[in-house]
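A.B. asks: The file below is protein.cif, mmCIF, C-alpha atoms:
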data_run
#
loop_
_atom_site.label_atom_id
_atom_site.label_comp_id
_atom_site.auth_asym_id
_atom_site.auth_seq_id
_atom_site.Cartn_x
_atom_site.Cartn_y
_atom_site.Cartn_z
CA MET A 295 5.77 80.22 25.18
CA ARG A 296 6.29 76.52 26.01
CA ILE A 297 3.41 74.28 24.92
CA ILE A 298 2.45 70.62 24.88
CA LEU A 299 0.99 69.38 21.59
CA LEU A 300 -2.29 67.49 21.99
CA GLN A 301 -2.17 66.11 18.44
CA ASP A 302 0.17 65.98 15.45
CA ILE A 303 0.55 69.40 13.83
CA ASP A 304 2.25 69.78 10.45
CA LYS A 305 5.55 71.67 10.56
CA LEU A 306 5.40 71.89 14.37
CA GLY A 307 5.61 68.40 15.88
CA LYS A 308 4.03 65.17 17.03
CA LYS A 309 1.44 64.55 19.73
CA HIS A 310 2.84 65.01 23.27
CA ASP A 311 5.93 66.94 22.06
CA ILE A 312 6.96 69.99 24.10
CA LYS A 313 7.71 72.98 21.86
CA ASP A 314 8.52 76.67 22.11
CA VAL A 315 6.33 78.92 19.95
CA SER A 316 5.58 82.64 19.82
CA ASP A 317 3.02 83.90 22.32
CA GLY A 318 0.72 85.21 19.58
CA TYR A 319 0.70 81.92 17.65
CA ALA A 320 -0.15 80.02 20.83
CA ARG A 321 -2.84 82.42 22.14
CA ASN A 322 -4.49 83.28 18.84
CA PHE A 323 -4.37 79.98 16.97
CA LEU A 324 -3.26 76.89 18.89
CA ILE A 325 -5.00 77.34 22.26
CA PRO A 326 -8.44 78.43 20.90
CA LYS A 327 -8.49 75.34 18.65
CA ASP A 328 -7.55 73.04 21.57
CA LEU A 329 -4.43 71.86 19.74
CA VAL A 330 -2.09 72.53 22.69
CA LYS A 331 -1.82 73.04 26.43
CA ILE A 332 0.50 75.52 28.08
CA ALA A 333 3.47 73.67 29.61
CA THR A 334 2.82 74.39 33.29
CA GLU A 335 4.02 72.09 36.10
CA LYS A 336 0.52 70.61 36.40
CA ASN A 337 0.29 69.97 32.64
CA LEU A 338 3.79 68.46 32.51
CA LYS A 339 2.74 65.97 35.23
CA TRP A 340 -0.39 65.23 33.20
CA LEU A 341 1.82 64.60 30.16
CA GLU A 342 3.98 62.12 32.10
CA ASN A 343 0.83 60.27 33.21
CA GLN A 344 -0.43 60.20 29.62
CA LYS A 345 2.87 58.80 28.34
CA GLU A 346 2.87 56.12 31.06
CA THR A 347 -0.72 55.14 30.24
CA ILE A 348 0.08 54.93 26.51
CA LYS A 349 3.14 52.80 27.25
CA LYS A 350 1.09 50.35 29.35
CA GLU A 351 -1.62 50.15 26.69
CA SER A 352 1.00 49.57 23.99
CA GLU A 353 2.62 46.75 25.99
CA LYS A 354 -0.78 45.11 26.57
CA ASP A 355 -1.65 45.52 22.88
CA LEU A 356 1.67 43.94 21.86
CA LYS A 357 1.07 40.98 24.17
CA ASP A 358 -2.45 40.47 22.79
CA ILE A 359 -1.21 40.58 19.20
CA GLN A 360 1.62 38.15 20.02
CA ASP A 361 -0.94 35.72 21.47
CA ILE A 362 -3.11 35.91 18.35
CA ALA A 363 -0.10 35.55 16.03
CA THR A 364 1.08 32.48 17.96
CA LYS A 365 -2.36 30.86 17.72
CA ILE A 366 -2.71 31.56 13.99
CA ASP A 367 0.85 30.61 13.02
CA GLY A 368 0.85 27.22 11.28
CA LEU A 369 -2.95 27.02 11.02
CA GLU A 370 -4.25 25.07 8.01
CA LEU A 371 -7.30 26.45 6.22
CA SER A 372 -9.08 24.09 3.85
CA ILE A 373 -11.15 25.94 1.26
CA PRO A 374 -13.28 23.75 -1.02
CA VAL A 375 -14.19 25.23 -4.43
CA LYS A 376 -15.99 24.08 -7.56
CA ILE A 377 -13.63 22.84 -10.24
CA GLY A 378 -14.28 22.50 -13.98
CA LYS A 379 -13.54 19.47 -16.17
CA GLU A 380 -10.09 20.78 -17.09
CA GLY A 381 -9.09 21.50 -13.49
CA GLN A 382 -9.79 25.24 -13.53
CA LEU A 383 -11.41 26.90 -10.52
CA PHE A 384 -14.81 28.52 -10.92
CA GLU A 385 -13.79 31.14 -8.38
CA SER A 386 -10.45 32.51 -7.24
CA ILE A 387 -9.42 32.65 -3.60
CA ALA A 388 -8.79 36.25 -2.55
CA SER A 389 -7.94 37.89 0.78
CA GLN A 390 -11.64 38.30 1.58
CA LYS A 391 -12.27 34.53 1.36
CA ILE A 392 -9.26 33.79 3.58
CA SER A 393 -10.42 36.42 6.09
CA GLU A 394 -13.88 34.82 6.22
CA LYS A 395 -12.33 31.38 6.76
CA LEU A 396 -10.21 32.73 9.64
CA LYS A 397 -13.37 34.26 11.12
CA GLU A 398 -14.86 30.74 11.25
CA PHE A 399 -11.91 29.80 13.48
CA GLY A 400 -12.65 32.80 15.72
CA PHE A 401 -9.96 35.21 14.46
CA GLU A 402 -10.91 38.74 13.41
CA ILE A 403 -8.36 39.36 10.67
CA LYS A 404 -8.92 42.16 8.16
CA LYS A 405 -8.35 41.35 4.51
CA THR A 406 -5.74 44.13 4.37
CA GLN A 407 -3.62 42.19 6.88
CA ILE A 408 -3.40 39.19 4.54
CA ASP A 409 -0.31 39.37 2.34
CA LEU A 410 -1.60 37.93 -0.93
CA ASN A 411 -0.09 39.38 -4.11
CA GLU A 412 -2.73 37.92 -6.40
CA PRO A 413 -5.73 35.65 -5.92
CA ILE A 414 -5.18 31.89 -5.85
CA LYS A 415 -6.46 30.34 -9.10
CA GLU A 416 -5.48 26.68 -8.73
CA THR A 417 -5.75 23.80 -6.30
CA GLY A 418 -2.95 22.99 -3.90
CA GLU A 419 -1.30 24.27 -0.73
CA PHE A 420 -0.22 27.88 -0.42
CA PRO A 421 1.66 29.54 2.46
CA ILE A 422 0.10 32.93 3.20
CA LYS A 423 1.58 35.56 5.52
CA ILE A 424 -0.62 37.57 7.86
CA LYS A 425 0.80 40.88 9.01
CA PHE A 426 0.02 42.41 12.40
CA GLU A 427 0.91 45.67 14.11
CA HIS A 428 4.30 45.93 15.82
CA ASN A 429 5.87 44.21 12.75
CA LEU A 430 4.60 40.77 13.79
CA GLU A 431 3.76 38.12 11.21
CA ALA A 432 2.16 34.70 11.16
CA GLU A 433 1.90 32.17 8.36
CA VAL A 434 -1.13 30.05 7.55
CA ARG A 435 -1.38 27.29 5.00
CA VAL A 436 -4.32 27.64 2.64
CA ILE A 437 -5.32 24.33 1.09
CA VAL A 438 -7.56 24.69 -1.97
CA THR A 439 -9.46 21.46 -2.66
CA GLU A 440 -12.25 20.29 -4.94
CA GLU A 441 -15.73 20.73 -3.54
CA LYS A 442 -17.54 17.41 -3.27
#
Any chance you could put this one into structure tokens?
C.D. replies:
Amino acid sequence: MRIILLQDIDKLGKKHDIKDVSDGYARNFLIPKDLVKIATEKNLKWLENQKETIKKESEKDLKDIQDIATKIDGLELSIPVKIGKEGQLFESIASQKISEKLKEFGFEIKKTQIDLNEPIKETGEFPIKIKFEHNLEAEVRVIVTEEK
């Protein structure tokens, strides 16, 4: 029986793949659990519409992410922190702090998107990469200064 997968299924295929499986497997397991549709003409047209819709959404999503990456790229973030007598910071600058600073500029960036190997523990300028979907990146400059 020819079927259309409605979601990823281990050892069978990815969402929207068309596969041939035994009639019993399809009728007794896949169809009752709403994991597949039978590949009729009507359902194949539905699949084409779904793929077209996903493609359009993906293109729009890519454009939106490119716009955000362009706006963020080259942005300078000044983060004032308390500094001790010997020049040591009383707090380190981690991804969370950078994410909060970007939020002040109106950008919703998750801390997991910020490519920071270890927290910043000294004053100065630091280039930080921000990773987006579709393998896009932007770079911001984090400037750690003494709090007045």
A.B. asks: Could you check the closest approach to Val375 (chain A) for each of A:Val438, A:Met295, A:Leu356, A:Ile424 and tell me which residue wins, using all atoms listed in the file?
C.D. replies: A:Val438
A.B. asks: List the neighbours of Ile362 (chain A) out to 12 Å using all atoms listed in the file; skip same-chain residues closer than 5 positions along the sequence, and give me the result as a VMD selection string.
C.D. replies: chain A and resid 355 to 357 367 to 369 396 399 to 403 424 to 427 430 to 433
A.B. asks: For the atom pair CA of Ala363 (chain A) and CA of Glu385 (chain A), what is the interatomic distance in Å to one decimal place?
C.D. replies: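 CA of Glu385 (chain A) lies at a distance of 28.3 Å from CA of Ala363 (chain A).
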A.B. asks: Which polymer residues have any atom within 12 Å of an atom of Ala320 (chain A), counting only C-alpha atoms, with same-chain residues fewer than 6 positions away left out, as a PDB file with C-alpha atoms, keeping the file's coordinate frame?
C.D. replies:
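What follows is the written file selection-v6.pdb:
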ATOM      1  CA  MET A 295       5.770  80.220  25.180  1.00  0.00           C
ATOM      2  CA  ARG A 296       6.290  76.520  26.010  1.00  0.00           C
ATOM      3  CA  ILE A 297       3.410  74.280  24.920  1.00  0.00           C
ATOM      4  CA  ILE A 298       2.450  70.620  24.880  1.00  0.00           C
ATOM      5  CA  LEU A 299       0.990  69.380  21.590  1.00  0.00           C
ATOM      6  CA  LEU A 306       5.400  71.890  14.370  1.00  0.00           C
ATOM      7  CA  LYS A 313       7.710  72.980  21.860  1.00  0.00           C
ATOM      8  CA  ASP A 314       8.520  76.670  22.110  1.00  0.00           C
ATOM      9  CA  PRO A 326      -8.440  78.430  20.900  1.00  0.00           C
ATOM     10  CA  LYS A 327      -8.490  75.340  18.650  1.00  0.00           C
ATOM     11  CA  ASP A 328      -7.550  73.040  21.570  1.00  0.00           C
ATOM     12  CA  LEU A 329      -4.430  71.860  19.740  1.00  0.00           C
ATOM     13  CA  VAL A 330      -2.090  72.530  22.690  1.00  0.00           C
ATOM     14  CA  LYS A 331      -1.820  73.040  26.430  1.00  0.00           C
ATOM     15  CA  ILE A 332       0.500  75.520  28.080  1.00  0.00           C
ATOM     16  CA  ALA A 333       3.470  73.670  29.610  1.00  0.00           C
TER      17      ALA A 333
END
A.B. asks: Nearest to Asn343 (chain A) among A:Asp317, A:His310, A:Ser372, A:Lys442, with distances taken over only C-alpha atoms: which residue is it?
C.D. replies: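 Once distances to Asn343 (chain A) are computed over only C-alpha atoms, the minimum belongs to A:His310.
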A.B. asks: Given the file shown, determine the residues that the PyMOL selection byres ((chain A and resi 440) around 9) selects; report them as a PyMOL selection string.
C.D. replies: chain A and resi 373-377+383+417+438-439+441-442
A.B. asks: Listed atoms of region 411-425 of chain A, axis-aligned box, 3 Å per side: centre and edge lengths to one decimal in Å, as AutoDock Vina command-line options?
C.D. replies:
--center_x -2.4 --center_y 31.9 --center_z 0.0 --size_x 14.1 --size_y 23.9 --size_z 24.1
A.B. asks: Given the file above and the PyMOL selection byres ((chain A and resi 370) around 6), which residues are selected, and can you give them as a list in words?
C.D. replies: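 What the PyMOL selection byres ((chain A and resi 370) around 6) grabs from the file is Leu369, Leu371, Val434, Arg435 and Val436 of chain A.
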A.B. asks: Please compute the CA of Lys305 (chain A)-CA of Trp340 (chain A) distance, one decimal, in Å.
C.D. replies: 24.3 Å
A.B. asks: Using all atoms listed in the file, which protein or nucleic acid residues come within 9 Å of region 406-412 of chain A? Drop anything in the same chain fewer than 5 positions from it, and give the result as a ChimeraX atom specification.
C.D. replies: /A:387-390,392-393,422-426
A.B. asks: Between CA of Glu416 (chain A) and CA of Lys391 (chain A), what is the distance in Å, rounded to a tenth?
C.D. replies: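 Computing it gives 14.5 Å between the two atoms.
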A.B. asks: Can you fill out region 385-399 of chain A with N, CA and C atoms and hand it back as a PDB file, in the frame of the given file?
C.D. replies:
ATOM      1  N   GLU A 385     -13.979  29.890  -9.109  1.00  0.00           N
ATOM      2  CA  GLU A 385     -13.790  31.140  -8.380  1.00  0.00           C
ATOM      3  C   GLU A 385     -12.351  31.183  -7.873  1.00  0.00           C
ATOM      4  N   SER A 386     -11.806  32.386  -7.775  1.00  0.00           N
ATOM      5  CA  SER A 386     -10.450  32.510  -7.240  1.00  0.00           C
ATOM      6  C   SER A 386     -10.536  32.793  -5.744  1.00  0.00           C
ATOM      7  N   ILE A 387      -9.479  32.447  -5.043  1.00  0.00           N
ATOM      8  CA  ILE A 387      -9.420  32.650  -3.600  1.00  0.00           C
ATOM      9  C   ILE A 387      -8.659  33.948  -3.335  1.00  0.00           C
ATOM     10  N   ALA A 388      -9.393  34.941  -2.828  1.00  0.00           N
ATOM     11  CA  ALA A 388      -8.790  36.250  -2.550  1.00  0.00           C
ATOM     12  C   ALA A 388      -8.677  36.449  -1.030  1.00  0.00           C
ATOM     13  N   SER A 389      -8.132  37.571  -0.640  1.00  0.00           N
ATOM     14  CA  SER A 389      -7.940  37.890   0.780  1.00  0.00           C
ATOM     15  C   SER A 389      -9.252  37.849   1.549  1.00  0.00           C
ATOM     16  N   GLN A 390     -10.336  38.287   0.925  1.00  0.00           N
ATOM     17  CA  GLN A 390     -11.640  38.300   1.580  1.00  0.00           C
ATOM     18  C   GLN A 390     -12.066  36.891   1.984  1.00  0.00           C
ATOM     19  N   LYS A 391     -11.884  35.921   1.091  1.00  0.00           N
ATOM     20  CA  LYS A 391     -12.270  34.530   1.360  1.00  0.00           C
ATOM     21  C   LYS A 391     -11.442  33.957   2.509  1.00  0.00           C
ATOM     22  N   ILE A 392     -10.145  34.264   2.518  1.00  0.00           N
ATOM     23  CA  ILE A 392      -9.260  33.790   3.580  1.00  0.00           C
ATOM     24  C   ILE A 392      -9.652  34.429   4.917  1.00  0.00           C
ATOM     25  N   SER A 393      -9.985  35.709   4.883  1.00  0.00           N
ATOM     26  CA  SER A 393     -10.420  36.420   6.090  1.00  0.00           C
ATOM     27  C   SER A 393     -11.694  35.795   6.652  1.00  0.00           C
ATOM     28  N   GLU A 394     -12.633  35.456   5.774  1.00  0.00           N
ATOM     29  CA  GLU A 394     -13.880  34.820   6.220  1.00  0.00           C
ATOM     30  C   GLU A 394     -13.600  33.452   6.834  1.00  0.00           C
ATOM     31  N   LYS A 395     -12.671  32.706   6.242  1.00  0.00           N
ATOM     32  CA  LYS A 395     -12.330  31.380   6.760  1.00  0.00           C
ATOM     33  C   LYS A 395     -11.688  31.508   8.153  1.00  0.00           C
ATOM     34  N   LEU A 396     -10.822  32.492   8.331  1.00  0.00           N
ATOM     35  CA  LEU A 396     -10.210  32.730   9.640  1.00  0.00           C
ATOM     36  C   LEU A 396     -11.258  33.135  10.670  1.00  0.00           C
ATOM     37  N   LYS A 397     -12.287  33.857  10.223  1.00  0.00           N
ATOM     38  CA  LYS A 397     -13.370  34.260  11.120  1.00  0.00           C
ATOM     39  C   LYS A 397     -14.107  33.030  11.644  1.00  0.00           C
ATOM     40  N   GLU A 398     -14.228  31.991  10.807  1.00  0.00           N
ATOM     41  CA  GLU A 398     -14.860  30.740  11.250  1.00  0.00           C
ATOM     42  C   GLU A 398     -14.074  30.099  12.396  1.00  0.00           C
ATOM     43  N   PHE A 399     -12.762  30.317  12.419  1.00  0.00           N
ATOM     44  CA  PHE A 399     -11.910  29.800  13.480  1.00  0.00           C
ATOM     45  C   PHE A 399     -11.866  30.732  14.689  1.00  0.00           C
TER      46      PHE A 399
END
